[in-house]
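Below is final_23.txt, holding compact mmCIF, C-alpha atoms and all ligand atoms.
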```
# COMPACT_ATOMS: atom_id res chain seq x y z
CA GLY Y 28 106.90 59.96 99.41
CA GLU Y 29 105.75 63.47 98.70
CA THR Y 30 107.94 65.65 96.49
CA VAL Y 31 108.44 69.27 97.59
CA LEU Y 32 110.66 70.25 94.67
CA GLU Y 33 111.14 68.80 91.24
CA VAL Y 34 113.54 70.17 88.66
CA ARG Y 35 112.90 68.49 85.35
CA ASP Y 36 115.28 68.54 82.42
CA LEU Y 37 116.17 72.14 83.15
CA ARG Y 38 118.13 74.15 80.62
CA LEU Y 39 119.31 77.67 81.45
CA GLU Y 40 120.85 79.91 78.82
CA LEU Y 41 123.03 82.95 79.22
CA SER Y 42 122.67 85.66 76.59
CA ALA Y 43 126.19 86.95 75.99
CA LYS Y 44 126.92 90.52 74.87
CA ASP Y 45 127.82 89.30 71.37
CA GLY Y 46 124.41 87.65 71.03
CA ALA Y 47 125.62 84.11 71.69
CA ARG Y 48 123.35 81.85 73.74
CA LEU Y 49 125.45 79.78 76.11
CA PRO Y 50 124.04 76.88 78.13
CA VAL Y 51 124.62 77.45 81.86
CA LEU Y 52 122.66 74.35 82.89
CA GLU Y 53 121.77 71.39 80.69
CA GLU Y 54 119.44 68.44 81.31
CA VAL Y 55 119.36 69.02 85.06
CA SER Y 56 116.78 66.88 86.86
CA LEU Y 57 116.48 66.68 90.63
CA LYS Y 58 113.85 65.78 93.19
CA VAL Y 59 113.65 66.69 96.86
CA GLY Y 60 111.20 64.67 98.94
CA ARG Y 61 109.43 65.79 102.11
CA GLY Y 62 111.90 65.72 105.01
CA GLU Y 63 114.83 64.90 102.78
CA ILE Y 64 118.25 66.58 102.86
CA VAL Y 65 119.74 66.66 99.37
CA GLY Y 66 123.26 67.94 98.74
CA ILE Y 67 124.49 69.58 95.55
CA VAL Y 68 128.26 69.47 95.30
CA GLY Y 69 130.71 70.91 92.82
CA GLU Y 70 133.44 73.47 92.30
CA SER Y 71 132.65 77.10 91.68
CA GLY Y 72 131.41 77.55 88.12
CA CYS Y 73 129.62 74.20 88.03
CA GLY Y 74 126.17 75.82 88.10
CA LYS Y 75 125.00 74.90 91.59
CA SER Y 76 124.24 78.46 92.73
CA VAL Y 77 122.44 79.39 89.53
CA LEU Y 78 120.30 76.28 89.97
CA SER Y 79 119.23 77.41 93.43
CA LEU Y 80 118.53 80.94 92.23
CA SER Y 81 116.34 79.61 89.42
CA VAL Y 82 114.15 77.77 91.96
CA LEU Y 83 113.29 81.09 93.60
CA GLY Y 84 112.96 83.03 90.35
CA LEU Y 85 116.03 85.08 91.24
CA LEU Y 86 118.02 84.60 88.03
CA PRO Y 87 119.84 87.65 86.67
CA PRO Y 88 118.21 89.15 83.54
CA SER Y 89 120.92 87.70 81.28
CA ILE Y 90 119.97 84.11 82.17
CA ARG Y 91 116.67 82.52 81.16
CA VAL Y 92 114.93 79.18 81.42
CA ALA Y 93 115.29 77.76 77.90
CA GLY Y 94 113.90 74.28 78.51
CA GLY Y 95 112.43 71.97 81.12
CA GLY Y 96 110.87 73.28 84.31
CA ILE Y 97 110.81 73.71 88.07
CA TYR Y 98 107.84 72.50 90.09
CA ASN Y 99 106.96 72.64 93.77
CA GLY Y 100 104.89 70.19 95.76
CA GLU Y 101 101.58 71.55 94.54
CA ARG Y 102 102.68 71.12 90.93
CA LYS Y 103 103.05 74.84 90.50
CA GLU Y 104 105.29 75.63 87.60
CA LEU Y 105 107.66 77.95 89.42
CA HIS Y 106 109.48 78.90 86.23
CA ARG Y 107 106.28 80.36 84.78
CA LEU Y 108 105.19 82.38 87.80
CA GLY Y 109 105.34 86.17 87.83
CA GLU Y 110 107.19 88.21 90.42
CA LYS Y 111 104.08 88.70 92.60
CA SER Y 112 103.38 84.98 92.94
CA LEU Y 113 107.06 84.24 93.49
CA GLN Y 114 107.20 86.75 96.33
CA ARG Y 115 104.40 84.85 98.04
CA ILE Y 116 106.31 81.60 97.69
CA ARG Y 117 109.66 82.97 98.83
CA GLY Y 118 110.01 82.73 102.57
CA LYS Y 119 106.67 81.04 103.05
CA GLU Y 120 107.06 77.90 100.95
CA ILE Y 121 110.72 78.06 99.98
CA ALA Y 122 113.27 79.93 102.08
CA MET Y 123 116.92 80.51 101.32
CA ILE Y 124 120.04 81.27 103.30
CA PHE Y 125 123.36 82.36 101.85
CA GLN Y 126 127.05 82.17 102.69
CA ASP Y 127 127.29 85.62 104.22
CA PRO Y 128 124.40 86.51 106.54
CA MET Y 129 125.60 90.14 106.70
CA THR Y 130 124.42 90.69 103.13
CA SER Y 131 120.89 89.67 104.12
CA LEU Y 132 120.67 91.37 107.51
CA ASN Y 133 119.88 95.03 107.99
CA PRO Y 134 122.81 96.48 109.97
CA GLY Y 135 120.62 99.24 111.42
CA MET Y 136 117.95 97.06 113.03
CA THR Y 137 118.19 94.66 115.98
CA VAL Y 138 118.22 91.02 114.94
CA GLY Y 139 115.10 90.26 116.97
CA LYS Y 140 113.12 93.01 115.31
CA GLN Y 141 114.21 91.84 111.85
CA VAL Y 142 112.96 88.32 112.45
CA ALA Y 143 109.77 89.53 114.15
CA GLU Y 144 108.98 91.85 111.22
CA ALA Y 145 109.49 89.02 108.73
CA ILE Y 146 107.05 86.90 110.76
CA ARG Y 147 104.47 89.71 110.86
CA LEU Y 148 104.80 90.28 107.11
CA HIS Y 149 104.21 86.63 106.27
CA THR Y 150 101.67 85.64 108.92
CA GLY Y 151 99.93 88.82 110.01
CA ALA Y 152 100.80 88.01 113.63
CA SER Y 153 100.51 90.77 116.25
CA LYS Y 154 103.65 92.53 117.42
CA ARG Y 155 103.68 90.61 120.66
CA GLU Y 156 103.02 87.24 119.06
CA ALA Y 157 105.84 87.86 116.60
CA GLU Y 158 108.21 88.82 119.44
CA GLU Y 159 107.40 85.70 121.39
CA LYS Y 160 107.76 83.55 118.33
CA THR Y 161 111.14 85.11 117.55
CA VAL Y 162 112.48 84.41 121.04
CA GLY Y 163 111.26 80.82 120.71
CA LEU Y 164 112.97 80.46 117.32
CA PHE Y 165 116.22 81.91 118.67
CA ARG Y 166 116.10 79.28 121.39
CA LYS Y 167 115.34 76.56 118.85
CA VAL Y 168 118.34 77.43 116.66
CA GLY Y 169 120.63 77.40 119.68
CA LEU Y 170 121.24 81.11 120.19
CA PRO Y 171 122.33 81.88 123.77
CA ARG Y 172 120.18 84.15 126.00
CA PRO Y 173 117.53 84.74 123.33
CA GLU Y 174 115.68 87.51 125.23
CA THR Y 175 118.85 89.61 125.49
CA LEU Y 176 120.13 88.74 122.04
CA TYR Y 177 116.84 89.92 120.55
CA HIS Y 178 117.96 93.51 121.14
CA GLU Y 179 121.45 93.20 119.64
CA TYR Y 180 122.51 94.62 116.29
CA PRO Y 181 124.01 92.21 113.70
CA HIS Y 182 127.60 93.50 113.99
CA ARG Y 183 127.65 92.55 117.68
CA LEU Y 184 127.13 88.86 116.81
CA SER Y 185 129.70 86.31 115.65
CA GLY Y 186 129.42 84.88 112.14
CA GLY Y 187 127.98 81.64 113.47
CA MET Y 188 125.36 83.48 115.54
CA ARG Y 189 124.37 85.61 112.55
CA GLN Y 190 123.89 82.46 110.47
CA ARG Y 191 121.67 81.08 113.26
CA VAL Y 192 119.61 84.28 113.12
CA MET Y 193 119.24 83.81 109.35
CA ILE Y 194 118.16 80.20 109.86
CA ALA Y 195 115.62 81.33 112.50
CA MET Y 196 114.24 83.83 109.99
CA ALA Y 197 114.23 81.26 107.20
CA VAL Y 198 112.29 78.65 109.17
CA SER Y 199 109.96 81.15 110.89
CA CYS Y 200 107.15 80.52 108.42
CA GLN Y 201 107.73 76.76 108.32
CA PRO Y 202 108.77 76.55 104.68
CA ASP Y 203 108.47 73.20 102.88
CA LEU Y 204 111.97 73.67 101.57
CA LEU Y 205 115.05 75.43 102.88
CA ILE Y 206 117.76 76.14 100.32
CA ALA Y 207 121.15 76.72 101.92
CA ASP Y 208 123.90 77.92 99.54
CA GLU Y 209 127.31 77.45 101.17
CA PRO Y 210 125.78 78.24 104.59
CA THR Y 211 128.94 77.41 106.53
CA THR Y 212 131.72 78.44 104.16
CA ALA Y 213 132.48 81.68 106.02
CA LEU Y 214 132.61 79.93 109.40
CA ASP Y 215 135.34 78.07 111.23
CA VAL Y 216 135.31 74.28 111.35
CA THR Y 217 133.70 73.79 114.77
CA ILE Y 218 130.88 76.22 113.99
CA GLN Y 219 130.39 74.62 110.56
CA ALA Y 220 129.65 71.29 112.20
CA GLN Y 221 127.22 72.91 114.65
CA ILE Y 222 125.27 74.64 111.87
CA LEU Y 223 125.00 71.40 109.89
CA LYS Y 224 123.81 69.61 113.02
CA LEU Y 225 121.15 72.28 113.40
CA MET Y 226 119.95 71.55 109.86
CA LYS Y 227 119.56 67.90 110.77
CA THR Y 228 117.60 68.87 113.90
CA LEU Y 229 115.24 71.05 111.84
CA ARG Y 230 114.57 68.14 109.54
CA GLU Y 231 113.95 65.79 112.44
CA GLU Y 232 111.73 68.14 114.44
CA ASP Y 233 109.78 69.88 111.67
CA GLY Y 234 110.22 67.64 108.64
CA THR Y 235 111.83 70.52 106.75
CA SER Y 236 113.29 69.50 103.41
CA ILE Y 237 116.72 70.97 102.79
CA LEU Y 238 118.70 71.54 99.62
CA LEU Y 239 122.28 71.99 100.76
CA ILE Y 240 124.70 73.49 98.26
CA SER Y 241 128.42 73.25 98.85
CA HIS Y 242 131.82 72.89 97.23
CA ASP Y 243 132.84 70.65 100.14
CA LEU Y 244 131.72 67.05 99.67
CA GLY Y 245 133.34 65.91 102.91
CA LEU Y 246 131.64 68.55 104.99
CA ILE Y 247 128.07 68.01 103.87
CA SER Y 248 128.09 64.28 103.15
CA GLY Y 249 127.37 63.45 106.78
CA VAL Y 250 124.04 65.30 106.84
CA CYS Y 251 122.73 64.51 103.35
CA ASP Y 252 120.47 61.60 102.40
CA ARG Y 253 121.26 62.02 98.74
CA ILE Y 254 123.94 63.87 96.82
CA ALA Y 255 124.03 65.27 93.31
CA VAL Y 256 127.50 66.07 91.97
CA MET Y 257 127.53 68.84 89.35
CA TYR Y 258 130.15 69.60 86.76
CA ALA Y 259 130.05 72.21 83.99
CA GLY Y 260 126.29 72.73 84.24
CA ARG Y 261 125.28 69.08 84.42
CA ILE Y 262 124.63 66.54 87.11
CA VAL Y 263 127.37 63.94 86.60
CA GLU Y 264 126.55 61.66 89.50
CA GLU Y 265 123.60 61.24 91.83
CA GLY Y 266 122.70 58.76 94.52
CA ALA Y 267 122.44 57.93 98.20
CA ALA Y 268 125.17 59.87 100.04
CA ALA Y 269 126.70 56.80 101.67
CA GLU Y 270 126.91 54.90 98.39
CA VAL Y 271 128.34 57.80 96.42
CA LEU Y 272 131.03 58.26 99.06
CA ARG Y 273 131.88 54.59 99.32
CA HIS Y 274 131.97 53.81 95.60
CA PRO Y 275 132.02 56.92 93.41
CA ALA Y 276 130.91 56.00 89.90
CA HIS Y 277 132.22 59.15 88.18
CA PRO Y 278 135.91 60.10 87.96
CA TYR Y 279 135.07 63.66 89.06
CA THR Y 280 133.43 62.42 92.26
CA ALA Y 281 136.42 60.13 92.81
CA GLY Y 282 138.69 63.17 92.40
CA LEU Y 283 136.68 65.22 94.90
CA LEU Y 284 136.92 62.37 97.39
CA ALA Y 285 140.64 61.90 96.85
CA SER Y 286 141.20 65.59 97.55
CA LEU Y 287 139.52 65.18 100.94
CA ALA Y 288 142.25 62.82 102.03
CA LEU Y 289 144.88 65.48 101.36
CA PRO Y 290 145.80 67.96 104.08
CA SER Y 291 143.71 71.05 103.32
CA LYS Y 292 144.70 74.61 103.81
CA LYS Y 293 142.10 77.36 103.72
CA GLY Y 294 141.64 78.58 100.16
CA THR Y 295 143.41 75.66 98.54
CA ARG Y 296 141.01 72.93 97.59
CA LEU Y 297 140.55 70.13 95.12
CA HIS Y 298 144.27 70.07 94.38
CA SER Y 299 144.09 66.42 93.45
CA ILE Y 300 142.22 67.43 90.28
CA PRO Y 301 144.51 69.69 88.24
CA GLY Y 302 142.84 72.36 86.12
CA SER Y 303 139.44 73.98 86.50
CA VAL Y 304 135.86 73.81 85.21
CA PRO Y 305 135.92 74.80 81.50
CA ALA Y 306 134.41 78.20 80.72
CA LEU Y 307 131.02 78.28 78.98
CA ARG Y 308 132.55 78.96 75.58
CA GLU Y 309 135.09 76.18 75.93
CA ARG Y 310 132.57 73.40 76.35
CA GLY Y 311 132.85 71.12 73.35
CA PRO Y 312 130.81 68.19 72.08
CA GLY Y 313 132.37 65.62 74.41
CA CYS Y 314 132.54 65.08 78.16
CA ALA Y 315 133.22 68.40 79.89
CA PHE Y 316 135.50 66.67 82.38
CA ALA Y 317 137.74 65.16 79.67
CA SER Y 318 140.44 67.84 80.01
CA ARG Y 319 141.01 66.81 83.64
CA CYS Y 320 140.05 63.17 83.62
CA PRO Y 321 142.77 60.53 84.06
CA TYR Y 322 140.68 58.03 82.07
CA ALA Y 323 139.77 60.24 79.09
CA ALA Y 324 139.74 58.36 75.78
CA ASP Y 325 138.99 59.43 72.20
CA ARG Y 326 135.32 58.68 72.64
CA CYS Y 327 135.17 61.12 75.61
CA LEU Y 328 136.19 64.05 73.39
CA ALA Y 329 133.68 63.22 70.69
CA GLU Y 330 130.59 62.16 72.56
CA LYS Y 331 128.81 63.50 75.65
CA PRO Y 332 128.12 60.70 78.13
CA ALA Y 333 124.45 60.41 79.12
CA LEU Y 334 123.32 60.06 82.74
CA ARG Y 335 122.51 56.39 83.22
CA GLY Y 336 121.74 53.98 86.02
CA VAL Y 337 124.60 52.50 88.03
CA ALA Y 338 124.19 48.77 88.52
CA GLY Y 339 124.62 47.08 91.86
CA SER Y 340 123.36 49.91 94.08
CA ALA Y 341 120.84 49.49 96.88
CA PHE Y 342 119.26 52.89 96.06
CA PRO Y 343 118.58 54.58 92.72
CA ARG Y 344 121.86 55.88 91.44
CA SER Y 345 123.12 57.37 88.20
CA ALA Y 346 126.26 58.77 86.65
CA ALA Y 347 127.34 60.25 83.31
CA CYS Y 348 130.59 58.61 82.18
CA HIS Y 349 131.46 56.37 79.25
CA LEU Y 350 133.33 54.05 81.62
CA LEU Y 351 129.97 53.00 83.07
CA GLY Y 352 129.17 51.13 79.88
CA GLU Y 353 132.15 48.92 80.53
CA GLU Y 354 132.19 45.98 82.87
CA GLY Y 355 132.82 47.20 86.42
CA GLY Y 356 132.86 50.91 85.49
CA LEU Y 357 135.28 53.04 87.45
CA ALA Y 358 136.27 50.08 89.67
CA ASN Y 359 137.53 48.39 86.52
CA VAL Y 360 140.21 51.01 85.91
CA GLY Y 361 141.52 50.53 89.41
CA SER Y 362 140.40 53.64 91.26
FE1 LIG A 1 136.45 60.73 82.06
FE2 LIG A 1 135.51 59.93 79.72
FE3 LIG A 1 134.13 59.44 81.93
FE4 LIG A 1 134.32 61.92 80.98
S1 LIG A 1 133.32 60.19 80.00
S2 LIG A 1 134.53 61.30 83.09
S3 LIG A 1 136.42 61.94 80.21
S4 LIG A 1 136.17 58.62 81.38
MG MG A 2 128.16 79.55 94.48
```

Show the structure stored in the file as structure tokens.
Amino acid sequence: GETVLEVRDLRLELSAKDGARLPVLEEVSLKVGRGEIVGIVGESGCGKSVLSLSVLGLLPPSIRVAGGGIYNGERKELHRLGEKSLQRIRGKEIAMIFQDPMTSLNPGMTVGKQVAEAIRLHTGASKREAEEKTVGLFRKVGLPRPETLYHEYPHRLSGGMRQRVMIAMAVSCQPDLLIADEPTTALDVTIQAQILKLMKTLREEDGTSILLISHDLGLISGVCDRIAVMYAGRIVEEGAAAEVLRHPAHPYTAGLLASLALPSKKGTRLHSIPGSVPALRERGPGCAFASRCPYAADRCLAEKPALRGVAGSAFPRSAACHLLGEEGGLANVGS
């Protein structure tokens, strides 16, 4: 099928104050097809947010593209575009929503007017057309009493309703790709499920491709077609969501899954994997997960495992772990 986003062998480098160049992302490749929902999962510090920012040309000045590239459906090299061209793409071709809608909404303007003005800016619609379109979008994203809600200010809405307003704004210009970075993290569990269901509806009704970024594998796995698991700036496992969940090929993915089975309290996560993602300066020549991996061997400290195909999968699948070279892979060590 058609590809709306391709990240190819991307390397991002952070320029530290002491002049050191530290790799934030390495060898990251990812494709999102038309109408596909792709999940990126990993703990904070794994590089998933910086990846999404790089797609929109929103990297902080200290981080630069040092290798590889980012391409949209029309083969535009997004990483080479200037700010003017990127502004045209943002919102219209690629839209983004964040964890906290309050940071993106203007507290002094009614939510309806904010969406209508975004529509006018991108499409040149008349005031009335934009108003009608906004009310229609509010209905589409499941906001109650859209005509009345149009005239409310952001602080009068619940967190879930504000996120629906942001989604309405994001899809108002029918972008090819919607990037959602932790879109439900600030919301309670019931509302989280509703927002994810809305994403699925948008894909089904409009064919919108969605890149869904989350630390919560269990939460997003149900809506994703494919999942890429990131660790320490690399993709360590990628494949069809159902297959990755059923038979994780990488010990990190297995650890994420095991933590889902544990009773979770808010703010305490991933407690089945002791330790944390190594800091940029602490990343050595071997596998970045070695310090936390129950299967780490001498080879893991010395040699970085390459991403390679996982045998016996119905869909293309890959993982980066030395165990894969052995008969049976992770299954062999009894996980
Ligand atoms: Fe664990 Fe070694 Fe595989 Fe890294 S390469 S995940 S340390 S077994
Ligand atoms: Mg983040």

The residues within 12 Å of (130.7, 62.2, 69.2), using all atoms listed in the file and the coordinates of the file, should be reported as a ChimeraX atom specification; which are they?
/Y:311-314,324-333,349

Name the residues in contact with Ala281 in chain Y at a cut-off of 10 Å, using all atoms listed in the file, excluding same-chain residues fewer than 2 positions from it; report them as a PDB file with C-alpha atoms, keeping the file's coordinate frame.
```pdb
ATOM      1  CA  VAL Y 271     128.340  57.800  96.420  1.00  0.00           C
ATOM      2  CA  LEU Y 272     131.030  58.260  99.060  1.00  0.00           C
ATOM      3  CA  ARG Y 273     131.880  54.590  99.320  1.00  0.00           C
ATOM      4  CA  HIS Y 274     131.970  53.810  95.600  1.00  0.00           C
ATOM      5  CA  PRO Y 275     132.020  56.920  93.410  1.00  0.00           C
ATOM      6  CA  ALA Y 276     130.910  56.000  89.900  1.00  0.00           C
ATOM      7  CA  HIS Y 277     132.220  59.150  88.180  1.00  0.00           C
ATOM      8  CA  PRO Y 278     135.910  60.100  87.960  1.00  0.00           C
ATOM      9  CA  TYR Y 279     135.070  63.660  89.060  1.00  0.00           C
ATOM     10  CA  LEU Y 283     136.680  65.220  94.900  1.00  0.00           C
ATOM     11  CA  LEU Y 284     136.920  62.370  97.390  1.00  0.00           C
ATOM     12  CA  ALA Y 285     140.640  61.900  96.850  1.00  0.00           C
ATOM     13  CA  SER Y 286     141.200  65.590  97.550  1.00  0.00           C
ATOM     14  CA  SER Y 299     144.090  66.420  93.450  1.00  0.00           C
ATOM     15  CA  ILE Y 300     142.220  67.430  90.280  1.00  0.00           C
ATOM     16  CA  LEU Y 357     135.280  53.040  87.450  1.00  0.00           C
ATOM     17  CA  SER Y 362     140.400  53.640  91.260  1.00  0.00           C
TER      18      SER Y 362
END
```

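Near Gly28 in chain Y, within 12 Å and counting all atoms listed in the file, sit Val31, Leu32, Lys58, Val59, Gly60, Arg61, Gly62, Glu63 and Gly100 of chain Y, not including residues fewer than 3 positions from it in the same chain.
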
List as an MDAnalysis selection string the protein and nucleic acid residues near Leu244 in chain Y, meaning an atom at most 10 Å away when all atoms listed in the file are counted, but skip any in the same chain fewer than 2 places from it.
chainID Y and resid 66:70 240:242 246:249 254 256 268 272 280 283:284 286:287

Å distance separating CA of Glu33 in chain Y from CA of Ser340 in chain Y, one decimal place
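Separation between CA of Glu33 in chain Y and CA of Ser340 in chain Y: 22.7 Å.
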
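Among the candidates Y:Arg335, Y:Arg230, Y:Arg48, Y:Arg344, the residue lying nearest to ligand LIG 1 (chain A) is Y:Arg335 (atoms considered: all atoms listed in the file).
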
Any idea what's packed within 6 Å of Leu238 in chain Y, counting all atoms listed in the file, ignoring anything in its chain fewer than 6 positions away? Could you give it as a PyMOL selection string?
chain Y and resi 64-66+206

Output for the residues just chosen: C-alpha atoms as a short mmCIF file (atom, residue, chain, number, x, y, z; two decimals), in the coordinates of the input:
```cif
data_model
loop_
_atom_site.label_atom_id
_atom_site.label_comp_id
_atom_site.auth_asym_id
_atom_site.auth_seq_id
_atom_site.Cartn_x
_atom_site.Cartn_y
_atom_site.Cartn_z
CA ILE Y 64 118.25 66.58 102.86
CA VAL Y 65 119.74 66.66 99.37
CA GLY Y 66 123.26 67.94 98.74
CA ILE Y 206 117.76 76.14 100.32
#
```
